[in-house]
$ cat structure19.cif   # mmCIF, C-alpha atoms and all ligand atoms
data_data
#
loop_
_atom_site.label_atom_id
_atom_site.label_comp_id
_atom_site.auth_asym_id
_atom_site.auth_seq_id
_atom_site.Cartn_x
_atom_site.Cartn_y
_atom_site.Cartn_z
CA MET A 1 7.10 208.80 -133.02
CA ASN A 2 8.71 205.41 -133.58
CA PHE A 3 8.90 203.14 -130.50
CA ASN A 4 12.72 202.98 -130.74
CA GLU A 5 12.99 206.74 -130.29
CA TYR A 6 11.62 206.66 -126.73
CA PRO A 7 14.30 206.46 -124.00
CA ILE A 8 12.71 203.44 -122.29
CA GLU A 9 16.07 201.83 -121.40
CA SER A 10 16.36 203.99 -118.27
CA LEU A 11 13.25 202.44 -116.77
CA MET A 12 13.89 199.75 -114.16
CA TYR A 13 12.67 196.37 -115.32
CA ILE A 14 9.67 195.12 -113.37
CA THR A 15 7.60 193.34 -116.01
CA SER A 16 7.57 192.84 -119.76
CA ARG A 17 5.52 195.47 -121.57
CA PRO A 18 4.42 195.54 -125.20
CA GLU A 19 6.47 197.81 -127.50
CA ILE A 20 3.87 200.54 -127.57
CA VAL A 21 3.82 204.00 -125.98
CA TYR A 22 0.35 205.30 -125.22
CA THR A 23 0.03 208.99 -125.93
CA HIS A 24 -3.56 210.05 -125.33
CA GLY A 25 -7.03 208.81 -124.54
CA LYS A 26 -10.67 209.83 -124.55
CA GLY A 27 -13.51 207.93 -122.92
CA SER A 28 -13.24 204.25 -123.79
CA TRP A 29 -10.47 204.78 -126.36
CA LEU A 30 -6.71 204.85 -125.91
CA TYR A 31 -4.25 205.93 -128.65
CA ASP A 32 -0.63 204.86 -129.20
CA ASN A 33 2.51 206.42 -130.65
CA GLU A 34 1.60 205.27 -134.14
CA GLY A 35 -1.93 206.65 -134.00
CA LYS A 36 -3.57 203.22 -133.60
CA ARG A 37 -6.59 203.23 -131.33
CA TYR A 38 -7.64 200.66 -128.76
CA LEU A 39 -11.02 199.99 -127.20
CA ASP A 40 -10.05 199.95 -123.53
CA PHE A 41 -11.69 197.40 -121.23
CA ILE A 42 -8.80 197.60 -118.74
CA GLN A 43 -9.04 201.33 -117.99
CA GLY A 44 -5.87 201.68 -116.00
CA TRP A 45 -6.69 198.45 -114.10
CA ALA A 46 -10.24 199.33 -113.02
CA VAL A 47 -8.97 202.80 -112.16
CA ASN A 48 -10.44 205.20 -114.73
CA SER A 49 -14.01 205.08 -113.45
CA LEU A 50 -15.06 207.79 -115.89
CA GLY A 51 -12.90 206.72 -118.84
CA HIS A 52 -9.88 208.53 -120.20
CA CYS A 53 -9.55 212.29 -119.69
CA ASN A 54 -13.00 212.96 -118.24
CA GLU A 55 -13.96 216.65 -118.62
CA GLY A 56 -15.06 217.09 -114.99
CA MET A 57 -11.75 215.69 -113.74
CA ILE A 58 -9.72 217.88 -116.11
CA GLU A 59 -11.63 220.93 -114.91
CA ALA A 60 -11.10 220.01 -111.24
CA LEU A 61 -7.39 219.38 -111.81
CA ASN A 62 -6.85 222.63 -113.70
CA THR A 63 -8.87 224.79 -111.31
CA GLN A 64 -7.21 223.34 -108.22
CA ALA A 65 -3.71 223.51 -109.76
CA ARG A 66 -4.13 227.28 -110.07
CA LEU A 67 -5.46 227.67 -106.51
CA LEU A 68 -3.35 225.48 -104.25
CA ILE A 69 -1.32 222.33 -104.87
CA ASN A 70 0.07 221.55 -101.42
CA PRO A 71 -0.26 223.50 -98.17
CA SER A 72 1.32 220.60 -96.12
CA PRO A 73 -0.34 217.59 -94.52
CA ALA A 74 -0.33 219.42 -91.19
CA PHE A 75 -2.98 221.90 -92.42
CA TYR A 76 -6.59 221.60 -93.55
CA ASN A 77 -7.55 222.31 -97.14
CA GLU A 78 -10.97 222.65 -98.71
CA PRO A 79 -11.07 219.71 -101.18
CA MET A 80 -9.91 217.21 -98.51
CA ALA A 81 -12.80 218.24 -96.25
CA GLN A 82 -15.34 218.27 -99.07
CA LEU A 83 -14.38 214.83 -100.35
CA ALA A 84 -14.34 213.33 -96.85
CA SER A 85 -17.79 214.73 -96.21
CA LEU A 86 -19.12 213.38 -99.51
CA LEU A 87 -17.75 209.91 -98.72
CA THR A 88 -19.23 209.77 -95.23
CA GLN A 89 -22.61 211.04 -96.52
CA HIS A 90 -22.74 208.19 -99.02
CA SER A 91 -21.48 205.34 -96.82
CA CYS A 92 -21.96 203.83 -93.36
CA PHE A 93 -18.61 205.26 -92.19
CA ASP A 94 -17.97 208.38 -90.14
CA LYS A 95 -14.31 209.25 -90.72
CA VAL A 96 -11.81 209.30 -93.59
CA PHE A 97 -8.02 209.32 -93.86
CA PHE A 98 -6.68 209.92 -97.36
CA ALA A 99 -3.69 208.08 -98.79
CA ASN A 100 -2.03 207.77 -102.20
CA SER A 101 -2.45 204.12 -103.10
CA GLY A 102 -4.57 201.13 -102.21
CA ALA A 103 -1.67 199.42 -100.48
CA GLU A 104 -1.11 202.48 -98.31
CA ALA A 105 -4.80 202.67 -97.40
CA ASN A 106 -4.65 198.98 -96.41
CA GLU A 107 -1.51 199.61 -94.33
CA GLY A 108 -3.59 202.24 -92.55
CA ALA A 109 -6.41 199.75 -91.99
CA ILE A 110 -3.96 197.21 -90.56
CA LYS A 111 -2.46 199.83 -88.24
CA LEU A 112 -5.89 201.03 -87.11
CA ALA A 113 -6.98 197.45 -86.35
CA ARG A 114 -3.76 196.69 -84.44
CA LYS A 115 -4.06 199.90 -82.43
CA TRP A 116 -7.71 199.09 -81.68
CA GLY A 117 -6.61 195.60 -80.58
CA LYS A 118 -3.99 197.10 -78.31
CA LYS A 119 -6.56 199.34 -76.65
CA ASN A 120 -9.54 197.02 -76.58
CA LYS A 121 -8.45 193.40 -76.91
CA GLY A 122 -5.31 192.98 -74.82
CA GLY A 123 -2.88 193.44 -77.72
CA ALA A 124 -4.66 191.15 -80.20
CA PHE A 125 -3.11 191.80 -83.63
CA GLU A 126 -3.88 188.91 -86.00
CA ILE A 127 -5.96 189.76 -89.03
CA ILE A 128 -7.53 186.82 -90.82
CA THR A 129 -7.26 187.25 -94.61
CA PHE A 130 -8.03 184.93 -97.52
CA ASP A 131 -6.36 182.67 -100.03
CA HIS A 132 -6.03 184.32 -103.45
CA SER A 133 -6.71 187.76 -101.98
CA PHE A 134 -4.80 190.84 -103.10
CA HIS A 135 -4.17 193.77 -100.77
CA GLY A 136 -1.16 195.53 -102.28
CA ARG A 137 2.60 195.45 -102.69
CA THR A 138 4.08 196.82 -99.49
CA ILE A 139 5.67 194.17 -97.28
CA ALA A 140 2.71 194.11 -94.86
CA THR A 141 0.03 194.10 -97.57
CA MET A 142 1.91 191.39 -99.48
CA SER A 143 1.88 189.38 -96.25
CA ALA A 144 -1.86 189.99 -95.94
CA SER A 145 -2.38 188.88 -99.56
CA GLY A 146 -3.05 185.27 -100.41
CA LYS A 147 -1.33 185.35 -103.77
CA PRO A 148 0.56 182.11 -104.41
CA GLY A 149 4.32 182.61 -104.09
CA TRP A 150 4.10 185.93 -102.28
CA ASP A 151 4.99 184.29 -98.97
CA THR A 152 8.55 183.69 -100.17
CA ILE A 153 9.60 186.49 -102.61
CA TYR A 154 10.62 188.96 -99.90
CA ALA A 155 10.71 186.64 -96.92
CA PRO A 156 10.40 186.97 -94.03
CA GLN A 157 6.80 188.11 -94.12
CA VAL A 158 5.12 190.36 -91.61
CA PRO A 159 3.51 187.94 -89.13
CA GLY A 160 -0.15 187.95 -88.17
CA PHE A 161 -2.11 187.23 -91.32
CA PRO A 162 -3.51 183.67 -91.16
CA LYS A 163 -5.38 182.67 -94.34
CA ALA A 164 -8.91 181.32 -94.60
CA ASP A 165 -10.90 180.21 -97.67
CA LEU A 166 -13.36 182.65 -99.23
CA ASN A 167 -17.02 181.68 -98.81
CA ASP A 168 -16.16 179.06 -96.17
CA ILE A 169 -17.14 180.37 -92.75
CA ALA A 170 -15.81 177.29 -90.93
CA SER A 171 -12.33 178.03 -92.29
CA VAL A 172 -12.52 181.49 -90.68
CA GLU A 173 -13.92 180.26 -87.39
CA LYS A 174 -11.09 177.73 -87.11
CA LEU A 175 -8.47 180.52 -87.16
CA ILE A 176 -10.00 182.68 -84.44
CA ASN A 177 -8.05 182.77 -81.18
CA ASP A 178 -7.32 185.33 -78.46
CA LYS A 179 -4.77 187.08 -80.70
CA THR A 180 -7.33 187.72 -83.46
CA VAL A 181 -8.39 191.31 -83.94
CA ALA A 182 -10.05 191.43 -87.37
CA VAL A 183 -11.09 189.74 -90.59
CA MET A 184 -10.17 191.52 -93.83
CA LEU A 185 -11.47 190.69 -97.27
CA GLU A 186 -12.27 192.00 -100.72
CA PRO A 187 -16.07 191.75 -101.17
CA ILE A 188 -15.17 190.73 -104.72
CA GLN A 189 -11.69 189.25 -105.15
CA GLY A 190 -10.38 191.18 -108.14
CA GLU A 191 -6.86 189.97 -108.93
CA GLY A 192 -7.88 186.51 -107.74
CA GLY A 193 -10.21 186.26 -110.76
CA VAL A 194 -13.35 188.26 -109.96
CA ILE A 195 -14.70 185.98 -107.23
CA PRO A 196 -17.54 187.55 -105.24
CA ALA A 197 -17.96 186.77 -101.57
CA THR A 198 -21.53 185.52 -101.34
CA ARG A 199 -24.19 187.56 -99.56
CA GLU A 200 -24.61 184.67 -97.15
CA PHE A 201 -20.86 184.56 -96.40
CA MET A 202 -20.70 188.32 -95.78
CA GLN A 203 -23.61 188.02 -93.35
CA GLN A 204 -22.02 185.03 -91.61
CA LEU A 205 -18.76 186.96 -91.34
CA ARG A 206 -20.51 189.96 -89.82
CA ALA A 207 -22.27 187.75 -87.28
CA LEU A 208 -19.09 185.84 -86.43
CA THR A 209 -16.96 188.99 -86.04
CA LYS A 210 -19.64 190.59 -83.83
CA GLN A 211 -19.83 187.46 -81.71
CA HIS A 212 -16.05 187.47 -81.11
CA ASN A 213 -15.72 191.28 -80.90
CA LEU A 214 -13.57 191.41 -84.06
CA LEU A 215 -13.41 194.12 -86.70
CA LEU A 216 -14.66 193.48 -90.20
CA ILE A 217 -12.48 195.22 -92.78
CA VAL A 218 -13.46 195.42 -96.44
CA ASP A 219 -10.79 196.17 -99.03
CA GLU A 220 -12.86 197.93 -101.68
CA VAL A 221 -9.88 199.27 -103.59
CA GLN A 222 -11.16 197.45 -106.69
CA SER A 223 -14.82 196.71 -105.90
CA GLY A 224 -15.68 200.16 -104.56
CA CYS A 225 -16.57 203.50 -106.15
CA GLY A 226 -19.39 202.28 -108.35
CA ARG A 227 -17.56 199.35 -109.93
CA ALA A 228 -20.00 196.76 -108.51
CA GLY A 229 -23.09 198.75 -109.54
CA THR A 230 -23.56 200.17 -106.04
CA LEU A 231 -21.28 202.90 -104.69
CA PHE A 232 -19.63 200.27 -102.47
CA ALA A 233 -19.79 196.50 -102.87
CA TYR A 234 -20.52 195.91 -99.16
CA GLU A 235 -23.99 197.38 -99.83
CA LEU A 236 -24.82 194.30 -101.92
CA SER A 237 -24.68 192.06 -98.85
CA GLY A 238 -26.63 194.27 -96.45
CA VAL A 239 -23.86 194.28 -93.83
CA GLU A 240 -22.02 197.25 -92.35
CA PRO A 241 -18.27 196.70 -92.00
CA ASP A 242 -16.18 198.59 -89.41
CA ILE A 243 -13.41 199.68 -91.75
CA MET A 244 -13.21 200.13 -95.53
CA THR A 245 -10.37 201.00 -97.86
CA LEU A 246 -10.71 202.64 -101.26
CA GLY A 247 -8.23 203.22 -104.06
CA LYS A 248 -8.22 202.81 -107.82
CA GLY A 249 -11.60 204.22 -108.94
CA ILE A 250 -11.78 206.94 -106.27
CA GLY A 251 -9.21 209.02 -108.16
CA GLY A 252 -10.48 208.11 -111.62
CA GLY A 253 -6.84 207.72 -112.68
CA VAL A 254 -4.91 209.98 -110.30
CA PRO A 255 -3.15 208.60 -107.19
CA LEU A 256 -5.70 208.79 -104.41
CA ALA A 257 -6.91 206.29 -101.81
CA ALA A 258 -8.85 206.36 -98.58
CA LEU A 259 -9.21 204.58 -95.26
CA MET A 260 -12.69 204.89 -93.77
CA ALA A 261 -13.96 203.78 -90.39
CA LYS A 262 -16.82 203.96 -87.96
CA GLN A 263 -16.37 206.60 -85.28
CA GLU A 264 -15.92 204.10 -82.43
CA ILE A 265 -12.98 202.42 -84.24
CA CYS A 266 -11.05 205.67 -84.75
CA VAL A 267 -8.37 205.25 -82.09
CA PHE A 268 -5.38 206.93 -83.74
CA GLU A 269 -3.66 209.43 -81.48
CA ALA A 270 -1.55 212.35 -82.67
CA GLY A 271 1.46 211.03 -84.55
CA ASP A 272 0.17 207.46 -85.03
CA GLN A 273 -0.67 207.92 -88.70
CA GLY A 274 0.27 210.37 -91.42
CA GLY A 275 1.93 210.75 -94.81
CA THR A 276 3.35 213.71 -96.73
CA TYR A 277 0.66 213.77 -99.38
CA ASN A 278 -2.34 212.69 -97.31
CA GLY A 279 -5.38 214.72 -98.32
CA ASN A 280 -3.41 216.86 -100.77
CA PRO A 281 -5.86 219.23 -102.47
CA LEU A 282 -4.85 218.48 -106.06
CA MET A 283 -5.85 214.82 -105.80
CA THR A 284 -8.79 215.23 -103.42
CA ALA A 285 -10.28 217.88 -105.75
CA VAL A 286 -10.21 215.28 -108.53
CA GLY A 287 -11.67 212.66 -106.18
CA TYR A 288 -14.46 215.07 -105.33
CA SER A 289 -15.28 215.45 -109.02
CA VAL A 290 -15.22 211.66 -109.50
CA ILE A 291 -17.44 210.82 -106.50
CA SER A 292 -19.83 213.68 -107.37
CA GLN A 293 -20.26 212.24 -110.85
CA LEU A 294 -20.70 208.67 -109.55
CA THR A 295 -23.37 209.78 -107.07
CA ALA A 296 -25.26 212.01 -109.55
CA PRO A 297 -28.86 210.85 -110.08
CA GLY A 298 -29.10 207.86 -112.41
CA PHE A 299 -25.36 207.19 -112.72
CA LEU A 300 -25.17 204.00 -110.65
CA GLU A 301 -28.47 202.79 -112.03
CA ASN A 302 -26.87 203.05 -115.44
CA VAL A 303 -23.80 201.10 -114.26
CA ARG A 304 -26.15 198.31 -113.16
CA LYS A 305 -27.91 198.39 -116.54
CA THR A 306 -24.71 198.26 -118.59
CA GLY A 307 -23.36 195.63 -116.18
CA ASP A 308 -26.44 193.48 -116.86
CA TYR A 309 -26.01 194.09 -120.57
CA LEU A 310 -22.36 193.00 -120.48
CA ARG A 311 -23.33 189.96 -118.43
CA ALA A 312 -25.99 188.92 -120.96
CA LYS A 313 -23.55 189.35 -123.87
CA LEU A 314 -20.85 187.33 -122.12
CA LEU A 315 -23.30 184.53 -121.31
CA GLU A 316 -24.43 184.46 -124.94
CA LEU A 317 -20.81 184.16 -126.09
CA SER A 318 -20.09 181.52 -123.46
CA GLU A 319 -22.97 179.41 -124.70
CA GLU A 320 -21.98 179.89 -128.32
CA ARG A 321 -18.32 178.87 -127.74
CA GLY A 322 -18.80 176.25 -125.00
CA PHE A 323 -17.14 178.31 -122.24
CA ASN A 324 -17.99 178.02 -118.53
CA GLY A 325 -20.19 181.08 -118.10
CA GLU A 326 -19.33 184.35 -116.39
CA ARG A 327 -19.34 185.96 -112.93
CA GLY A 328 -18.97 189.31 -111.23
CA GLU A 329 -20.99 192.35 -110.22
CA GLY A 330 -21.74 195.55 -112.10
CA LEU A 331 -18.87 196.36 -114.42
CA LEU A 332 -16.32 194.04 -112.83
CA ARG A 333 -16.89 190.76 -114.63
CA ALA A 334 -15.03 187.66 -115.78
CA LEU A 335 -15.67 185.30 -118.68
CA LEU A 336 -14.70 181.76 -117.65
CA LEU A 337 -12.90 180.20 -120.59
CA GLY A 338 -12.49 176.68 -119.20
CA LYS A 339 -8.97 176.48 -120.63
CA ASP A 340 -5.77 178.52 -120.30
CA ILE A 341 -6.22 180.65 -123.42
CA GLY A 342 -6.64 184.00 -121.62
CA PRO A 343 -3.12 185.39 -122.20
CA GLN A 344 -3.25 184.38 -125.88
CA ILE A 345 -6.58 186.20 -126.35
CA VAL A 346 -5.26 189.29 -124.59
CA GLU A 347 -2.21 189.40 -126.88
CA LYS A 348 -4.15 188.84 -130.10
CA ALA A 349 -6.82 191.38 -129.12
CA ARG A 350 -4.20 194.09 -128.57
CA LEU A 351 -2.49 193.35 -131.89
CA MET A 352 -5.75 193.37 -133.88
CA GLN A 353 -5.98 195.77 -136.85
CA PRO A 354 -7.09 198.43 -137.57
CA ASP A 355 -8.26 198.91 -133.95
CA GLY A 356 -6.93 196.99 -130.97
CA LEU A 357 -8.84 195.77 -127.94
CA LEU A 358 -7.45 195.92 -124.40
CA LEU A 359 -8.48 193.05 -122.15
CA ASN A 360 -6.95 191.41 -119.09
CA ALA A 361 -6.59 187.78 -118.06
CA ALA A 362 -6.48 187.96 -114.25
CA ARG A 363 -5.95 184.22 -114.42
CA PRO A 364 -5.00 182.20 -117.53
CA ASN A 365 -8.43 180.56 -117.72
CA LEU A 366 -10.52 183.72 -117.66
CA LEU A 367 -10.86 187.22 -119.07
CA ARG A 368 -11.56 190.14 -116.76
CA PHE A 369 -13.62 193.12 -117.95
CA MET A 370 -13.25 196.45 -116.17
CA PRO A 371 -14.44 199.14 -118.61
CA ALA A 372 -15.17 202.77 -117.75
CA LEU A 373 -18.34 202.97 -115.66
CA ASN A 374 -19.84 205.22 -118.34
CA VAL A 375 -19.09 202.73 -121.14
CA THR A 376 -21.97 202.57 -123.64
CA THR A 377 -23.85 199.48 -124.79
CA GLY A 378 -22.61 200.38 -128.29
CA GLU A 379 -19.01 200.09 -127.05
CA ILE A 380 -19.84 196.77 -125.38
CA ASP A 381 -21.23 195.54 -128.72
CA GLN A 382 -18.03 196.70 -130.45
CA MET A 383 -15.94 194.87 -127.85
CA MET A 384 -17.97 191.66 -128.33
CA THR A 385 -17.53 191.82 -132.12
CA MET A 386 -13.78 192.29 -131.71
CA LEU A 387 -13.56 189.49 -129.14
CA ARG A 388 -15.44 187.12 -131.47
CA SER A 389 -13.02 187.84 -134.27
CA VAL A 390 -10.07 187.14 -131.94
CA LEU A 391 -11.65 183.84 -130.89
CA ASP A 392 -12.19 182.94 -134.56
CA SER A 393 -8.49 183.49 -135.24
CA LEU A 394 -7.24 181.17 -132.46
C1 LIG B 401 -5.12 197.18 -106.70
C2 LIG B 401 -5.51 196.70 -105.37
C3 LIG B 401 -4.78 197.04 -104.21
C4 LIG B 401 -3.50 197.83 -104.28
O1 LIG B 401 -3.68 199.13 -104.72
P1 LIG B 401 -2.41 199.99 -105.16
O2 LIG B 401 -2.97 201.34 -105.47
O3 LIG B 401 -1.81 199.31 -106.35
O4 LIG B 401 -1.48 200.01 -104.02
C5 LIG B 401 -5.25 196.62 -102.99
N1 LIG B 401 -6.38 195.90 -102.89
C6 LIG B 401 -7.10 195.55 -103.97
C7 LIG B 401 -8.35 194.77 -103.79
C8 LIG B 401 -6.69 195.92 -105.25
O5 LIG B 401 -7.38 195.54 -106.32
#
$ encode --input "structure19.cif" --output "structure tokens" --more "lines below"
Ligand SMILES: *Cc1c(COP(=O)(O)O)cnc(C)c1O
Amino acid sequence: MNFNEYPIESLMYITSRPEIVYTHGKGSWLYDNEGKRYLDFIQGWAVNSLGHCNEGMIEALNTQARLLINPSPAFYNEPMAQLASLLTQHSCFDKVFFANSGAEANEGAIKLARKWGKKNKGGAFEIITFDHSFHGRTIATMSASGKPGWDTIYAPQVPGFPKADLNDIASVEKLINDKTVAVMLEPIQGEGGVIPATREFMQQLRALTKQHNLLLIVDEVQSGCGRAGTLFAYELSGVEPDIMTLGKGIGGGVPLAALMAKQEICVFEAGDQGGTYNGNPLMTAVGYSVISQLTAPGFLENVRKTGDYLRAKLLELSEERGFNGERGEGLLRALLLGKDIGPQIVEKARLMQPDGLLLNAARPNLLRFMPALNVTTGEIDQMMTMLRSVLDSL
């Protein structure tokens, strides 16, 4: 169908989108309304952990849709229990609350920390977050985020989120006072440009938060669920946080998120937390399929291997073109361009013929790569060839 035949004018404007309608996808490939195909290294924004239309997910969705879609959040259902159990088995956390989006999971983490502060720290409520961090688009999570400009768009902000600098422990220490209840960070800042917190910094943070009886909250909405080459990115630093949030990759493309915590932090009382769709079986059944596939023998090892392969290829290209190297973990990586040509590359890559390439410039001076976790080295080679031809055409 021609682009002009789609009734897009009824959609509220929130951002400019290219004049394409995507119609179907399979694995690392996405197809548009004119039948053109695109090699997808965005994957729904690091969401489609298993690529487009994964068979296991389709099966889970279809089977569950025939059994039970929604009994009500006030009742138990089987997939919610199974997924929660799988997540606690494979992490250092004891309890799970399911939500629908990363922002909502983070809202839950903020509430849990504030409630814990009320009970255990004389009403302490401040949560130290970081410059350039991203925690979501609700008013509270925007206030927690350190995205430039976000302090004024919907002012006034929700108070209680002083900002420190990532990988600078003194900047955190300086902000601690008797109102502080927690420190919250992304183990790898995603939207900020794929900036990992160092292992040393994570360990310093854990020691500092223990010393002051503060909670350590990791927002693993982007870095979690296999993206960093381990099931969760906190594992890379050898520390155990108190609270973790998941989103994006946990649903493999469907709206699902989770708030996880250690038993001793779980202070919610009846009525404190909820949500109409929390733990709904249709989404948790898909999440169960996703996490089962990610934790199958050899899967994460393969993510680490393809991550290393992508890293080597990006370094080679960087050397060849005089860029500034690359960074990241697993299959969340950035190529540092050294100049603000990211958006131009993204545009040209998408428009390429006969096949397009989907990339993202999280910041103008870098490209972010977030392919399916089961991307092949052959597809990485294809991507590199396409990227080289885009760079040649600049
Ligand atoms: C995407 C993202 C969020 C927000 O998730 P939504 O599902 O869009 O609400 C929060 N934190 C991080 C680190 C993210 O990358």
$ closest_atom_pairs --input "structure19.cif" --of "chain A" --to "ligand LIG 401 (chain B)" --cutoff "6 Å" --atoms "all atoms listed in the file" --output "Markdown table"
| residue | atom | partner | partner_atom | distance |
| --- | --- | --- | --- | --- |
| A:Ser101 | CA | B:LIG401 | O2 | 3.7 |
| A:Gly102 | CA | B:LIG401 | O1 | 3.3 |
| A:Ala103 | CA | B:LIG401 | O4 | 3.6 |
| A:Phe134 | CA | B:LIG401 | N1 | 5.3 |
| A:His135 | CA | B:LIG401 | N1 | 3.7 |
| A:Gly136 | CA | B:LIG401 | C4 | 3.8 |
| A:Glu186 | CA | B:LIG401 | C7 | 5.7 |
| A:Gly190 | CA | B:LIG401 | O5 | 5.6 |
| A:Asp219 | CA | B:LIG401 | C7 | 5.5 |
| A:Glu220 | CA | B:LIG401 | C7 | 5.9 |
| A:Val221 | CA | B:LIG401 | C6 | 4.7 |
| A:Gln222 | CA | B:LIG401 | O5 | 4.3 |
| A:Gly247 | CA | B:LIG401 | O2 | 5.8 |
| A:Lys248 | CA | B:LIG401 | O2 | 5.9 |
$ residues_near_point --input "structure19.cif" --point "(11.0, 207.6, -124.6)" --cutoff "12 Å" --atoms "only C-alpha atoms" --output "PDB file with C-alpha atoms, in the frame of the given file"
ATOM      1  CA  MET A   1       7.100 208.800-133.020  1.00  0.00           C
ATOM      2  CA  ASN A   2       8.710 205.410-133.580  1.00  0.00           C
ATOM      3  CA  PHE A   3       8.900 203.140-130.500  1.00  0.00           C
ATOM      4  CA  ASN A   4      12.720 202.980-130.740  1.00  0.00           C
ATOM      5  CA  GLU A   5      12.990 206.740-130.290  1.00  0.00           C
ATOM      6  CA  TYR A   6      11.620 206.660-126.730  1.00  0.00           C
ATOM      7  CA  PRO A   7      14.300 206.460-124.000  1.00  0.00           C
ATOM      8  CA  ILE A   8      12.710 203.440-122.290  1.00  0.00           C
ATOM      9  CA  GLU A   9      16.070 201.830-121.400  1.00  0.00           C
ATOM     10  CA  SER A  10      16.360 203.990-118.270  1.00  0.00           C
ATOM     11  CA  LEU A  11      13.250 202.440-116.770  1.00  0.00           C
ATOM     12  CA  GLU A  19       6.470 197.810-127.500  1.00  0.00           C
ATOM     13  CA  ILE A  20       3.870 200.540-127.570  1.00  0.00           C
ATOM     14  CA  VAL A  21       3.820 204.000-125.980  1.00  0.00           C
ATOM     15  CA  TYR A  22       0.350 205.300-125.220  1.00  0.00           C
ATOM     16  CA  THR A  23       0.030 208.990-125.930  1.00  0.00           C
ATOM     17  CA  ASN A  33       2.510 206.420-130.650  1.00  0.00           C
TER      18      ASN A  33
END
$ residues_around --input "structure19.cif" --residues "Gly44 in chain A" --least-positions-apart "3" --cutoff "8 Å" --atoms "all atoms listed in the file" --output "list in words"
Val47, Asn48 and Gly253 of chain A
$ closest_residue --input "structure19.cif" --among "A:Ser49, A:Thr138, A:Asn278, A:Asn360" --to "Ser223 in chain A" --atoms "all atoms listed in the file"
A:Ser49
$ atom_distance --input "structure19.cif" --atom1 "CA of Pro297 in chain A" --atom2 "CA of Lys262 in chain A"
26.1 Å
$ atom_distance --input "structure19.cif" --atom1 "CA of Met80 in chain A" --atom2 "CA of Ala109 in chain A"
19.0 Å
$ axis_aligned_box --input "structure19.cif" --around "range 63-66 of chain A" --padding-each-side "4 Å" --output "lines of an AutoDock Vina configuration file"
center_x = -6.3
center_y = 225.3
center_z = -109.8
size_x = 13.2
size_y = 11.9
size_z = 11.1
$ closest_residue --input "structure19.cif" --among "A:Gly252, A:Gly123, A:Pro18, A:Gly108" --to "Ser292 in chain A" --atoms "only C-alpha atoms"
A:Gly252
$ build_atoms --input "structure19.cif" --residues "range 320-332 of chain A" --atoms "N, CA and C atoms" --output "mmCIF file, keeping the file's coordinate frame"
data_model
loop_
_atom_site.group_PDB
_atom_site.id
_atom_site.type_symbol
_atom_site.label_atom_id
_atom_site.label_comp_id
_atom_site.auth_asym_id
_atom_site.auth_seq_id
_atom_site.Cartn_x
_atom_site.Cartn_y
_atom_site.Cartn_z
ATOM 1 N N GLU A 320 -22.354 180.074 -126.910
ATOM 2 C CA GLU A 320 -21.980 179.890 -128.320
ATOM 3 C C GLU A 320 -20.646 179.147 -128.466
ATOM 4 N N ARG A 321 -19.667 179.438 -127.576
ATOM 5 C CA ARG A 321 -18.320 178.870 -127.740
ATOM 6 C C ARG A 321 -18.021 177.735 -126.750
ATOM 7 N N GLY A 322 -19.024 177.342 -125.951
ATOM 8 C CA GLY A 322 -18.800 176.250 -125.000
ATOM 9 C C GLY A 322 -17.891 176.621 -123.841
ATOM 10 N N PHE A 323 -17.907 177.902 -123.418
ATOM 11 C CA PHE A 323 -17.140 178.310 -122.240
ATOM 12 C C PHE A 323 -17.935 177.988 -120.980
ATOM 13 N N ASN A 324 -17.359 178.388 -119.812
ATOM 14 C CA ASN A 324 -17.990 178.020 -118.530
ATOM 15 C C ASN A 324 -18.796 179.134 -117.869
ATOM 16 N N GLY A 325 -19.342 180.037 -118.666
ATOM 17 C CA GLY A 325 -20.190 181.080 -118.100
ATOM 18 C C GLY A 325 -19.398 182.319 -117.682
ATOM 19 N N GLU A 326 -19.984 183.109 -116.817
ATOM 20 C CA GLU A 326 -19.330 184.350 -116.390
ATOM 21 C C GLU A 326 -19.702 184.611 -114.940
ATOM 22 N N ARG A 327 -18.988 185.574 -114.302
ATOM 23 C CA ARG A 327 -19.340 185.960 -112.930
ATOM 24 C C ARG A 327 -18.874 187.396 -112.684
ATOM 25 N N GLY A 328 -19.358 187.957 -111.591
ATOM 26 C CA GLY A 328 -18.970 189.310 -111.230
ATOM 27 C C GLY A 328 -20.159 190.130 -110.802
ATOM 28 N N GLU A 329 -19.918 191.410 -110.580
ATOM 29 C CA GLU A 329 -20.990 192.350 -110.220
ATOM 30 C C GLU A 329 -20.770 193.625 -111.022
ATOM 31 N N GLY A 330 -21.849 194.263 -111.425
ATOM 32 C CA GLY A 330 -21.740 195.550 -112.100
ATOM 33 C C GLY A 330 -20.814 195.489 -113.295
ATOM 34 N N LEU A 331 -19.813 196.348 -113.303
ATOM 35 C CA LEU A 331 -18.870 196.360 -114.420
ATOM 36 C C LEU A 331 -17.487 195.819 -114.023
ATOM 37 N N LEU A 332 -17.510 194.839 -113.131
ATOM 38 C CA LEU A 332 -16.320 194.040 -112.830
ATOM 39 C C LEU A 332 -16.730 192.597 -113.082
#
